[in-house]
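Visitor: I have a structure I would like to understand better, so I am pasting it below and will then ask my questions one at a time.
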Amino acid sequence: MASPTKNFTEGAVLFGIGLALRLFTEDVEIPIFTLTKVGVVLMVMGGIEILYGVYRTASSRSGRSGS
């Protein structure tokens, strides 16, 4: 399983890419979907990944202190 740091890093990268797409691609027209919506989806996925990394870090610390 991946380390919590890797989850946090991947989430931050996804969030950053999504934010860039959301902010800078409003004028780009693609027939199937809009890049701003893809940016929002990537931001949500990145946020979930960040929260999962934080959760795993917190749960591993509480598991060590309880032993």
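Starting from 1 in every chain, residues are counted up; chains themselves are A, B, ... following the order of the structure tokens, and ligands are numbered from 1 as listed.
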Tell me which protein, DNA and RNA residues are within 12 Å of Leu51 (chain A), counting only C-alpha atoms, leaving out same-chain ones fewer than 2 positions away, and put them as a list in words.
Guide: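 My list of contacting residues is Pro4, Thr5, Asn7, Phe8, Thr9, Glu10, Gly11, Ala12, Phe15, Val44, Met45, Gly46, Gly47, Ile48, Glu49, Gly53, Val54, Tyr55, Arg56, Thr57 and Ala58 of chain A.
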Visitor: Hey, which of A:Tyr52, A:Glu26, A:Ala20, A:Gly39 ends up closest to Ala2 (chain A)? Count only C-alpha atoms.
Guide: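 Ranking A:Tyr52, A:Glu26, A:Ala20, A:Gly39 by distance to Ala2 (chain A), first place goes to A:Tyr52.
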Visitor: Quick one, how far is CA of Ile32 (chain A) from CA of Val13 (chain A)?
Guide: 24.6 Å
Visitor: As a ChimeraX atom specification, which residues of chain A does DSSP assign to helix (DSSP H, G or I)?
Guide: /A:4-24,35-66
Visitor: Pull C-alpha atoms from the residues just selected and write them as a compact mmCIF listing (two decimals), in the first residue's frame.
Guide:
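Final output, saved to part_1.txt:
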# COMPACT_ATOMS: atom_id res chain seq x y z
CA PRO A 4 0.35 8.59 3.39
CA THR A 5 2.95 11.02 2.06
CA LYS A 6 2.49 9.62 -1.44
CA ASN A 7 -1.30 10.03 -1.14
CA PHE A 8 -0.86 13.61 0.01
CA THR A 9 1.60 14.41 -2.81
CA GLU A 10 -0.57 12.85 -5.51
CA GLY A 11 -3.58 14.73 -4.20
CA ALA A 12 -1.73 18.03 -4.20
CA VAL A 13 -0.57 17.46 -7.80
CA LEU A 14 -4.10 16.56 -8.94
CA PHE A 15 -5.54 19.57 -7.15
CA GLY A 16 -2.92 21.88 -8.71
CA ILE A 17 -3.56 20.59 -12.22
CA GLY A 18 -7.30 20.85 -11.71
CA LEU A 19 -6.99 24.39 -10.40
CA ALA A 20 -4.88 25.40 -13.41
CA LEU A 21 -7.44 23.90 -15.79
CA ARG A 22 -10.28 25.62 -13.96
CA LEU A 23 -8.61 29.03 -14.00
CA PHE A 24 -6.98 29.14 -17.42
CA LEU A 35 -11.83 21.63 -19.55
CA THR A 36 -13.13 23.73 -16.67
CA LYS A 37 -15.39 20.83 -15.63
CA VAL A 38 -12.46 18.43 -15.92
CA GLY A 39 -10.53 20.82 -13.68
CA VAL A 40 -13.26 20.73 -11.05
CA VAL A 41 -13.32 16.92 -11.15
CA LEU A 42 -9.54 16.78 -10.73
CA MET A 43 -9.73 19.25 -7.82
CA VAL A 44 -12.33 17.06 -6.09
CA MET A 45 -10.28 13.91 -6.67
CA GLY A 46 -7.15 15.67 -5.40
CA GLY A 47 -8.98 16.89 -2.31
CA ILE A 48 -10.20 13.38 -1.55
CA GLU A 49 -6.68 12.02 -1.99
CA ILE A 50 -5.25 14.69 0.33
CA LEU A 51 -7.88 13.92 2.97
CA TYR A 52 -7.15 10.21 2.67
CA GLY A 53 -3.43 10.84 3.19
CA VAL A 54 -4.18 12.99 6.25
CA TYR A 55 -6.52 10.28 7.60
CA ARG A 56 -3.89 7.57 7.13
CA THR A 57 -1.24 9.72 8.83
CA ALA A 58 -3.54 10.40 11.78
CA SER A 59 -4.64 6.78 12.10
CA SER A 60 -1.07 5.47 11.97
CA ARG A 61 -0.01 7.93 14.69
CA SER A 62 -2.95 7.01 16.94
CA GLY A 63 -2.22 3.32 16.36
CA ARG A 64 1.37 3.75 17.52
CA SER A 65 0.47 5.72 20.66
CA GLY A 66 -2.19 3.19 21.71
